[in-house]
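**Student:** I am sharing run17.txt, which consists of compact mmCIF, C-alpha atoms and all ligand atoms:
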```txt
# COMPACT_ATOMS: atom_id res chain seq x y z
CA MET A 1 -27.46 19.31 -14.62
CA ASP A 2 -25.38 17.81 -11.83
CA LEU A 3 -21.72 18.66 -12.26
CA PRO A 4 -19.19 15.81 -11.81
CA LYS A 5 -17.16 15.64 -8.63
CA LEU A 6 -13.43 16.36 -8.91
CA ALA A 7 -10.94 15.89 -6.07
CA ILE A 8 -7.66 17.82 -6.03
CA ALA A 9 -4.70 17.39 -3.67
CA ALA A 10 -1.65 19.62 -3.39
CA LEU A 11 1.62 18.00 -2.31
CA GLY A 12 4.05 20.90 -2.82
CA GLY A 13 6.70 21.52 -5.51
CA THR A 14 7.31 24.64 -7.59
CA VAL A 15 3.60 24.92 -8.39
CA SER A 16 3.11 25.59 -4.65
CA MET A 17 6.16 27.79 -4.22
CA GLN A 18 6.40 31.49 -3.40
CA THR A 19 9.20 33.81 -2.32
CA GLY A 20 9.59 34.34 1.40
CA LYS A 21 12.32 36.69 2.60
CA ALA A 22 14.23 38.57 -0.09
CA GLY A 23 17.18 36.61 -1.47
CA GLU A 24 16.20 33.30 0.15
CA GLY A 25 14.61 31.63 -2.84
CA VAL A 26 11.17 30.10 -3.28
CA THR A 27 9.86 27.38 -0.96
CA PRO A 28 6.57 25.40 -0.92
CA SER A 29 4.05 27.54 0.95
CA VAL A 30 0.95 27.89 -1.28
CA SER A 31 -2.03 25.77 -0.18
CA GLY A 32 -4.29 23.80 -2.49
CA GLU A 33 -7.10 26.29 -1.82
CA THR A 34 -4.92 29.19 -3.01
CA LEU A 35 -3.85 27.23 -6.10
CA LEU A 36 -7.49 26.65 -6.90
CA ALA A 37 -8.24 30.37 -6.63
CA SER A 38 -5.92 30.87 -9.64
CA ILE A 39 -8.40 29.03 -11.92
CA PRO A 40 -11.77 30.59 -11.07
CA GLY A 41 -13.58 29.05 -14.09
CA LEU A 42 -13.21 25.52 -12.76
CA ASN A 43 -16.42 25.58 -10.71
CA THR A 44 -18.42 25.76 -13.97
CA LEU A 45 -16.94 22.36 -14.93
CA ALA A 46 -17.07 20.42 -11.65
CA ARG A 47 -17.89 20.31 -7.96
CA VAL A 48 -14.38 20.61 -6.65
CA THR A 49 -12.90 19.58 -3.33
CA VAL A 50 -9.31 20.43 -2.53
CA GLU A 51 -6.87 19.31 0.17
CA THR A 52 -3.29 20.19 1.00
CA LEU A 53 -1.66 16.83 1.79
CA GLY A 54 1.87 18.20 1.85
CA LEU A 55 4.08 21.19 1.17
CA LEU A 56 7.19 19.31 0.10
CA PRO A 57 9.85 19.77 -2.54
CA SER A 58 9.40 16.55 -4.50
CA ALA A 59 12.85 15.18 -3.57
CA SER A 60 11.53 15.04 0.03
CA GLN A 61 8.73 12.61 -0.82
CA ASP A 62 9.14 8.92 -0.04
CA PHE A 63 7.26 5.72 -0.83
CA GLU A 64 5.35 5.76 2.49
CA PHE A 65 4.14 9.28 1.76
CA LEU A 66 3.07 8.24 -1.76
CA LEU A 67 1.17 5.26 -0.32
CA SER A 68 -0.76 7.62 1.97
CA VAL A 69 -1.57 9.90 -1.00
CA LEU A 70 -2.71 6.86 -2.99
CA ALA A 71 -5.05 5.83 -0.16
CA TRP A 72 -6.50 9.36 -0.15
CA ALA A 73 -7.02 9.29 -3.94
CA LYS A 74 -8.71 5.86 -3.85
CA PHE A 75 -11.01 7.13 -1.11
CA GLN A 76 -12.03 10.08 -3.33
CA ILE A 77 -13.09 7.66 -6.07
CA LYS A 78 -15.07 5.63 -3.51
CA GLN A 79 -16.81 8.86 -2.52
CA GLY A 80 -17.92 9.39 -6.12
CA ALA A 81 -15.17 11.53 -7.69
CA ALA A 82 -15.12 11.33 -11.50
CA GLY A 83 -11.37 11.94 -11.42
CA VAL A 84 -8.51 12.97 -9.16
CA VAL A 85 -5.81 15.59 -9.72
CA ILE A 86 -2.57 15.82 -7.75
CA THR A 87 -0.18 18.77 -7.91
CA GLN A 88 3.41 18.13 -6.92
CA GLY A 89 7.05 18.91 -7.64
CA THR A 90 8.37 18.09 -11.06
CA ASP A 91 11.76 16.71 -10.01
CA THR A 92 10.30 13.33 -9.05
CA LEU A 93 7.07 13.58 -11.05
CA GLU A 94 7.95 10.65 -13.31
CA GLU A 95 8.66 8.41 -10.31
CA ALA A 96 5.55 9.39 -8.36
CA ALA A 97 3.38 8.94 -11.47
CA GLN A 98 4.80 5.48 -12.15
CA PHE A 99 4.46 4.48 -8.49
CA PHE A 100 0.76 5.43 -8.54
CA ASP A 101 0.19 3.83 -11.94
CA TYR A 102 1.40 0.41 -10.77
CA LEU A 103 -1.16 0.60 -7.93
CA TRP A 104 -4.13 2.47 -9.45
CA PRO A 105 -7.01 0.01 -9.88
CA HIS A 106 -9.70 2.38 -11.15
CA ASP A 107 -11.01 3.33 -14.59
CA GLN A 108 -11.33 6.93 -13.37
CA PRO A 109 -8.32 9.07 -14.20
CA LEU A 110 -5.61 10.02 -11.73
CA VAL A 111 -3.79 13.02 -13.21
CA LEU A 112 -0.58 14.59 -11.92
CA THR A 113 0.68 18.04 -12.74
CA GLY A 114 3.10 20.69 -11.50
CA ALA A 115 4.90 23.77 -12.73
CA MET A 116 8.32 24.76 -13.98
CA ARG A 117 7.86 28.39 -12.91
CA SER A 118 6.72 29.33 -9.43
CA ALA A 119 3.90 31.79 -8.77
CA ALA A 120 6.67 34.36 -8.09
CA GLN A 121 7.92 34.23 -11.70
CA PRO A 122 6.47 36.02 -14.73
CA GLY A 123 4.62 33.60 -17.01
CA ALA A 124 4.00 31.10 -14.20
CA ASP A 125 2.67 27.89 -15.79
CA GLY A 126 0.98 26.46 -12.68
CA PRO A 127 -2.57 27.75 -13.25
CA ALA A 128 -2.68 26.64 -16.92
CA ASN A 129 -1.27 23.20 -16.06
CA LEU A 130 -3.75 22.76 -13.21
CA LEU A 131 -6.71 23.74 -15.38
CA ASP A 132 -5.51 21.37 -18.14
CA ALA A 133 -5.05 18.56 -15.61
CA CYS A 134 -8.61 19.09 -14.31
CA ARG A 135 -9.97 18.97 -17.87
CA VAL A 136 -8.12 15.71 -18.50
CA ALA A 137 -9.33 14.22 -15.20
CA LEU A 138 -12.94 15.09 -16.08
CA ALA A 139 -12.87 13.90 -19.72
CA GLN A 140 -14.75 10.69 -20.58
CA ASN A 141 -12.00 9.70 -23.04
CA SER A 142 -9.42 9.76 -20.20
CA ARG A 143 -10.97 6.70 -18.54
CA GLN A 144 -9.02 3.40 -18.44
CA ARG A 145 -5.72 5.17 -19.08
CA GLY A 146 -4.37 4.82 -15.55
CA VAL A 147 -2.15 7.59 -14.25
CA GLN A 148 -1.22 10.41 -16.58
CA VAL A 149 0.82 13.58 -16.30
CA VAL A 150 -0.29 16.87 -17.85
CA MET A 151 2.37 19.53 -18.43
CA ASN A 152 2.66 22.36 -20.94
CA GLY A 153 -0.38 21.34 -23.00
CA GLN A 154 0.66 17.69 -23.34
CA ILE A 155 -0.66 14.48 -21.75
CA HIS A 156 1.90 11.78 -20.97
CA LEU A 157 1.44 8.22 -19.73
CA ALA A 158 3.16 7.64 -16.39
CA ARG A 159 5.17 4.78 -17.85
CA SER A 160 6.63 6.73 -20.77
CA LEU A 161 7.21 10.11 -19.14
CA ARG A 162 10.62 11.55 -18.33
CA LYS A 163 11.85 14.90 -17.11
CA THR A 164 14.33 15.70 -19.85
CA ASP A 165 15.18 19.31 -19.00
CA SER A 166 16.05 20.80 -15.63
CA LEU A 167 14.55 24.28 -16.00
CA ALA A 168 12.89 24.71 -19.40
CA LEU A 169 9.13 25.18 -19.63
CA GLN A 170 8.97 22.18 -21.97
CA ALA A 171 10.70 19.90 -19.45
CA PHE A 172 8.81 16.64 -20.03
CA SER A 173 8.70 14.18 -22.88
CA SER A 174 7.94 10.56 -23.63
CA PRO A 175 11.11 9.60 -25.53
CA ASN A 176 10.09 6.36 -27.21
CA VAL A 177 6.45 7.06 -27.98
CA GLY A 178 5.66 10.78 -27.73
CA PRO A 179 2.77 12.27 -25.74
CA ALA A 180 -0.42 10.24 -25.37
CA GLY A 181 -2.53 13.30 -26.06
CA LEU A 182 -2.84 17.06 -26.23
CA LEU A 183 -5.02 19.84 -24.90
CA LEU A 184 -6.41 21.60 -27.96
CA GLU A 185 -8.45 24.69 -27.09
CA ASP A 186 -10.75 23.20 -24.44
CA ARG A 187 -10.66 19.69 -25.93
CA VAL A 188 -8.82 16.67 -24.52
CA CYS A 189 -7.48 14.89 -27.60
CA TYR A 190 -5.80 11.50 -27.46
CA LEU A 191 -3.42 10.32 -30.15
CA ARG A 192 -3.72 6.61 -29.25
CA SER A 193 -6.28 4.24 -27.70
CA PRO A 194 -5.76 3.09 -24.09
CA ASP A 195 -3.37 0.13 -23.65
CA PRO A 196 -3.96 -2.81 -21.32
CA ARG A 197 -2.54 -1.97 -17.87
CA VAL A 198 -0.75 -3.88 -15.14
CA VAL A 199 -1.96 -3.28 -11.57
CA LEU A 200 0.05 -4.71 -8.67
CA PRO A 201 -1.19 -5.55 -5.18
CA LEU A 202 -0.35 -3.07 -2.42
CA PRO A 203 2.98 -3.80 -0.73
CA GLN A 204 2.57 -5.58 2.61
CA GLN A 205 5.87 -4.21 3.89
CA THR A 206 7.79 -0.99 3.28
CA SER A 207 11.10 -1.42 5.09
CA HIS A 208 12.93 -3.24 2.27
CA LYS A 209 15.58 -1.49 0.19
CA VAL A 210 16.41 -1.50 -3.52
CA ALA A 211 19.68 0.12 -4.63
CA LEU A 212 20.19 1.90 -7.94
CA LEU A 213 23.75 2.13 -9.27
CA GLU A 214 24.81 3.70 -12.55
CA ALA A 215 27.61 2.16 -14.61
CA SER A 216 30.33 4.67 -15.44
CA LEU A 217 33.74 4.42 -17.00
CA SER A 218 36.47 2.96 -14.78
CA ALA A 219 34.06 2.58 -11.83
CA ASP A 220 35.29 0.37 -8.97
CA THR A 221 33.27 -2.54 -7.55
CA LEU A 222 33.31 -1.63 -3.86
CA LEU A 223 29.60 -0.87 -3.57
CA LEU A 224 28.65 -3.94 -5.61
CA GLU A 225 30.81 -6.20 -3.46
CA ASN A 226 29.01 -4.99 -0.35
CA ILE A 227 25.48 -4.52 -1.58
CA VAL A 228 24.12 -7.76 -0.06
CA ALA A 229 26.01 -7.33 3.21
CA LEU A 230 24.62 -3.79 3.45
CA GLY A 231 21.14 -5.30 3.60
CA TYR A 232 19.74 -4.44 0.17
CA ASP A 233 16.91 -6.67 -1.04
CA GLY A 234 17.21 -5.80 -4.73
CA LEU A 235 19.52 -4.00 -7.16
CA VAL A 236 18.97 -2.01 -10.34
CA ILE A 237 21.87 -1.13 -12.60
CA ALA A 238 21.65 1.79 -15.03
CA GLY A 239 23.89 0.14 -17.59
CA PHE A 240 25.80 1.50 -20.54
CA GLY A 241 24.06 1.49 -23.94
CA ALA A 242 21.77 -1.50 -24.41
CA GLY A 243 22.36 -2.69 -20.81
CA HIS A 244 26.09 -3.32 -20.44
CA VAL A 245 28.73 -3.09 -17.70
CA SER A 246 32.50 -3.58 -17.36
CA PRO A 247 33.88 -7.14 -16.95
CA ASP A 248 34.59 -6.49 -13.24
CA TRP A 249 31.06 -5.28 -12.66
CA ALA A 250 29.73 -8.30 -14.56
CA THR A 251 31.59 -10.68 -12.21
CA GLU A 252 30.25 -8.93 -9.11
CA ILE A 253 26.73 -8.66 -10.52
CA GLY A 254 26.85 -12.43 -11.12
CA HIS A 255 27.54 -12.95 -7.38
CA VAL A 256 24.84 -10.46 -6.33
CA ALA A 257 22.23 -12.03 -8.65
CA LYS A 258 22.62 -15.34 -6.78
CA GLU A 259 21.40 -13.60 -3.61
CA ILE A 260 18.92 -10.86 -4.59
CA PRO A 261 17.01 -9.87 -7.78
CA VAL A 262 19.01 -7.68 -10.17
CA ILE A 263 17.59 -5.63 -13.07
CA VAL A 264 19.80 -4.04 -15.71
CA ALA A 265 18.31 -1.05 -17.56
CA THR A 266 19.81 1.45 -19.98
CA ARG A 267 21.23 4.72 -18.70
CA THR A 268 20.82 6.37 -22.13
CA GLY A 269 17.45 8.07 -21.51
CA SER A 270 15.58 6.35 -24.32
CA GLY A 271 15.40 3.06 -26.18
CA SER A 272 15.42 -0.51 -24.89
CA THR A 273 17.98 -2.89 -23.46
CA ALA A 274 19.08 -5.70 -25.80
CA ARG A 275 18.62 -9.42 -25.28
CA ALA A 276 20.61 -11.35 -27.86
CA THR A 277 23.01 -8.99 -29.64
CA TYR A 278 26.24 -8.53 -27.64
CA GLY A 279 28.32 -11.51 -26.54
CA PHE A 280 31.25 -9.77 -24.73
CA ARG A 281 31.84 -10.03 -20.95
CA GLY A 282 29.52 -7.52 -19.36
CA GLY A 283 27.26 -7.49 -22.43
CA GLU A 284 23.56 -8.30 -22.03
CA MET A 285 23.93 -11.98 -23.05
CA ASP A 286 26.57 -12.50 -20.36
CA LEU A 287 24.44 -10.68 -17.76
CA ILE A 288 21.31 -12.67 -18.62
CA ARG A 289 23.31 -15.91 -18.22
CA LYS A 290 24.36 -14.64 -14.79
CA GLY A 291 20.71 -14.34 -13.75
CA VAL A 292 19.81 -10.66 -14.21
CA SER A 293 16.55 -9.40 -15.73
CA MET A 294 16.82 -6.87 -18.56
CA ALA A 295 14.51 -3.86 -18.18
CA GLY A 296 13.60 -3.35 -21.85
CA PHE A 297 12.11 0.12 -22.21
CA VAL A 298 11.65 0.58 -18.44
CA CYS A 299 14.11 3.25 -17.26
CA PRO A 300 16.36 2.60 -14.24
CA ARG A 301 14.34 4.73 -11.80
CA LYS A 302 11.05 3.09 -12.75
CA ALA A 303 12.64 -0.38 -12.69
CA ARG A 304 13.63 0.36 -9.09
CA ILE A 305 10.03 1.29 -8.23
CA LEU A 306 8.76 -1.91 -9.87
CA LEU A 307 11.24 -4.09 -7.98
CA TRP A 308 10.48 -2.35 -4.69
CA LEU A 309 6.74 -2.92 -5.17
CA LEU A 310 7.22 -6.55 -6.23
CA ILE A 311 9.43 -7.32 -3.23
CA GLY A 312 6.81 -5.61 -1.06
CA CYS A 313 4.21 -8.16 -2.15
CA GLN A 314 6.60 -11.14 -2.40
CA GLN A 315 6.35 -11.27 -6.18
CA GLN A 316 9.99 -10.52 -7.00
CA ASP A 317 10.33 -13.86 -8.82
CA GLU A 318 7.80 -12.55 -11.34
CA VAL A 319 9.84 -9.47 -12.24
CA GLY A 320 10.50 -10.65 -15.82
CA ARG A 321 6.74 -10.65 -16.50
CA TYR A 322 6.53 -6.92 -15.83
CA LEU A 323 9.56 -5.88 -17.85
CA ASN A 324 9.70 -5.91 -21.61
CA GLY A 325 13.36 -6.91 -21.84
N1 LIG A 401 11.91 21.88 -9.42
C1 LIG A 401 10.94 21.30 -8.64
C2 LIG A 401 9.49 21.51 -9.10
O1 LIG A 401 9.32 21.75 -10.20
C3 LIG A 401 11.07 21.27 -7.21
C4 LIG A 401 10.36 20.02 -6.78
O2 LIG A 401 10.43 19.03 -7.49
O3 LIG A 401 9.65 20.05 -5.81
O4 LIG A 401 8.54 21.45 -8.42
```
Could I get this structure in the form of structure tokens?
**Tutor:**
Amino acid sequence: MDLPKLAIAALGGTVSMQTGKAGEGVTPSVSGETLLASIPGLNTLARVTVETLGLLPSASQDFEFLLSVLAWAKFQIKQGAAGVVITQGTDTLEEAAQFFDYLWPHDQPLVLTGAMRSAAQPGADGPANLLDACRVALAQNSRQRGVQVVMNGQIHLARSLRKTDSLALQAFSSPNVGPAGLLLEDRVCYLRSPDPRVVLPLPQQTSHKVALLEASLSADTLLLENIVALGYDGLVIAGFGAGHVSPDWATEIGHVAKEIPVIVATRTGSGSTARATYGFRGGEMDLIRKGVSMAGFVCPRKARILLWLLIGCQQQDEVGRYLNG
């Protein structure tokens, strides 16, 4: 029987990290080929190709780099891959996964994974996560689910995933909905059916800028006052509670929203923004009247990715359609 084709790319991150000189800490240095050697059983499941597209800590990625990785992944599908797996750093895993998910047009799965412990640490989780990610990418029941992240035996949808712990092995969760599925023995088990997905056109430009500012107690308005003059094309606010800011911020946001699109999300880490509950100055009703879009369940970082992609294809006026606020 012909085995399915599976394409794997390594981008860097802890999963690709090893110690160099004593006392200097781990850095990304392990190639995709070496990562693959840690899961020898994989060639009984698939015909695997592997490429090292980067050796970056994930904070060093940028949108242009992610667009080049996306082009590579789409090419693999065109060449007949049944699924694609990408290994990368976990610090920006939720952003990279969401970025890809907005632009992934295929039924075939694109699965991201990484590790919380480097190969230099006892109990390194990289090999198990990579094998799980490959299983998910090859499973028939993973089709039409867009981009997913596999970590620590759980499968998360790109849009619900968050890194909720800095160093723990169980660092990822989907706060409002829980994981989409689990790896049980060698089975890929989903807890829900696939949802309809939104796929955006590729951005036609990449030089535009979207700022992300977090509301905090007694914060001044200097950055807000200058955000348009500084050349930003969009603004996301990580607001208090259900999407709130101080009265001074509300006044400035009102001015900014006349010039560029503004999204207000919640900085809380889970839950949705409100729409029609709070009537005080700086509350969501005031902000909506001033022209902002409320993010709903979309977290500030992912709202920024959405706005950047929409501006990139001149669809920023449609932003409300893609938010659930
Ligand atoms: N802590 C990170 C990781 O897990 C470093 C990075 O994001 O690259 O990979």
**Student:** Could you tell me how far CA of Thr92 (chain A) sits from CA of Pro196 (chain A), in Å to one decimal place?
**Tutor:**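 Separation between CA of Pro196 (chain A) and CA of Thr92 (chain A): 24.8 Å.
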**Student:** So that each row is one residue of chain A with an atom at most 7 Å from ligand LIG 401 (chain A), can you give its shortest atom pair and the distance in Å to one decimal, using all atoms listed in the file, rows by chain and rising number, as a tab-separated table?
**Tutor:**
```
residue	atom	partner	partner_atom	distance
A:Gly12	CA	A:LIG401	O3	6.4
A:Gly13	CA	A:LIG401	O3	3.3
A:Thr14	CA	A:LIG401	O4	3.5
A:Val15	CA	A:LIG401	O4	6.0
A:Leu56	CA	A:LIG401	O3	6.4
A:Pro57	CA	A:LIG401	O3	3.3
A:Ser58	CA	A:LIG401	O3	3.7
A:Ala59	CA	A:LIG401	O2	6.0
A:Gln88	CA	A:LIG401	O4	6.3
A:Gly89	CA	A:LIG401	O4	3.0
A:Thr90	CA	A:LIG401	O1	3.9
A:Asp91	CA	A:LIG401	O2	3.7
A:Thr92	CA	A:LIG401	O2	5.9
A:Gly114	CA	A:LIG401	O4	6.3
A:Ala115	CA	A:LIG401	O1	5.5
A:Met116	CA	A:LIG401	O1	4.9
```
**Student:** Store the residues picked out above, limited to C-alpha atoms, as a short mmCIF file (atom, residue, chain, number, x, y, z; two decimals), in the coordinates of the input.
**Tutor:**
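Produced file selection_20.cif, reproduced below:
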```
data_model
loop_
_atom_site.label_atom_id
_atom_site.label_comp_id
_atom_site.auth_asym_id
_atom_site.auth_seq_id
_atom_site.Cartn_x
_atom_site.Cartn_y
_atom_site.Cartn_z
CA GLY A 12 4.05 20.90 -2.82
CA GLY A 13 6.70 21.52 -5.51
CA THR A 14 7.31 24.64 -7.59
CA VAL A 15 3.60 24.92 -8.39
CA LEU A 56 7.19 19.31 0.10
CA PRO A 57 9.85 19.77 -2.54
CA SER A 58 9.40 16.55 -4.50
CA ALA A 59 12.85 15.18 -3.57
CA GLN A 88 3.41 18.13 -6.92
CA GLY A 89 7.05 18.91 -7.64
CA THR A 90 8.37 18.09 -11.06
CA ASP A 91 11.76 16.71 -10.01
CA THR A 92 10.30 13.33 -9.05
CA GLY A 114 3.10 20.69 -11.50
CA ALA A 115 4.90 23.77 -12.73
CA MET A 116 8.32 24.76 -13.98
#
```
**Student:** List the neighbours of region 250-254 of chain A out to 7 Å using all atoms listed in the file; skip same-chain residues closer than 6 positions along the sequence, and give me the result as a tab-separated table (two decimals) with C-alpha atoms, in the frame of the given file.
**Tutor:**
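Produced file out_19.tsv, reproduced below:
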```
chain	number	residue	atom	x	y	z
A	224	LEU	CA	28.65	-3.94	-5.61
A	225	GLU	CA	30.81	-6.20	-3.46
A	281	ARG	CA	31.84	-10.03	-20.95
A	282	GLY	CA	29.52	-7.52	-19.36
A	287	LEU	CA	24.44	-10.68	-17.76
A	290	LYS	CA	24.36	-14.64	-14.79
A	291	GLY	CA	20.71	-14.34	-13.75
```
**Student:** Which is closer to Asn141 (chain A) than all the others in A:Pro194, A:Pro105, A:Gly123, A:Gly178, using all atoms listed in the file?
**Tutor:**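 Checking each candidate against Asn141 (chain A), we get A:Pro194 as the closest.
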**Student:** With a distance cut-off of 12 Å and only C-alpha atoms, select the neighbouring residues of Val69 (chain A), excluding the residue or stretch itself and same-chain residues fewer than 5 positions from it, and output the selection as JSON, numbers by chain.
**Tutor:** {"A": [8, 9, 10, 11, 51, 52, 53, 54, 61, 62, 63, 64, 74, 75, 76, 84, 85, 86, 87, 88, 96, 97, 99, 100, 103, 104, 110, 112]}
**Student:** Set the distance at 7 Å and use all atoms listed in the file: which residues neighbour region 183-186 of chain A once local chain neighbours fewer than 6 positions away are removed? I'd like the list as number ranges by chain.
**Tutor:** A: 132, 153-154
**Student:** Write out the residues from the selection above, keeping C-alpha atoms, as a PDB file, keeping the file's coordinate frame.
**Tutor:**
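Output file result36.pdb follows:
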```
ATOM      1  CA  ASP A 132      -5.510  21.370 -18.140  1.00  0.00           C
ATOM      2  CA  GLY A 153      -0.380  21.340 -23.000  1.00  0.00           C
ATOM      3  CA  GLN A 154       0.660  17.690 -23.340  1.00  0.00           C
TER       4      GLN A 154
END
```
**Student:** Please, what distance in Å, to one decimal, runs between CA of His208 (chain A) and CA of Ala303 (chain A)?
**Tutor:** 15.2 Å
**Student:** Mind listing as a list in words all residues within 7 Å of (-6.6, 9.6, -13.2), counting all atoms listed in the file?
**Tutor:**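 Selection result: Gly83, Val84, Val85, Gln108, Pro109, Leu110, Val111, Ala137, Gly146, Val147 and Gln148 of chain A.
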**Student:** Kindly indicate which residue among A:His156, A:Leu217, A:Val48, A:Leu55 lies nearest to Ser31 (chain A), using only C-alpha atoms for the distances.
**Tutor:**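 Distance minimum relative to Ser31 (chain A) lands on A:Leu55.
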**Student:** For each of A:Asp101, A:Ala139, A:Gly20, A:Val150, take the minimum atom-to-atom distance to Leu67 (chain A), counting all atoms listed in the file, then give the residue where this is smallest.
**Tutor:**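 Checking each candidate against Leu67 (chain A), we get A:Asp101 as the closest.
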**Student:** Can you tell me how far CA of Asp286 (chain A) sits from CA of Leu310 (chain A), in Å to one decimal?
**Tutor:** 24.7 Å
**Student:** Which residue is closest to Ser60 (chain A)? Choose from A:Ser193, A:Pro261, A:Glu33, A:Pro28 and count all atoms listed in the file.
**Tutor:** A:Pro28
**Student:** Which of these residues is nearest to Leu182 (chain A), using only C-alpha atoms: A:Ala71, A:Met151, A:Val210, A:Cys134?
**Tutor:** A:Met151
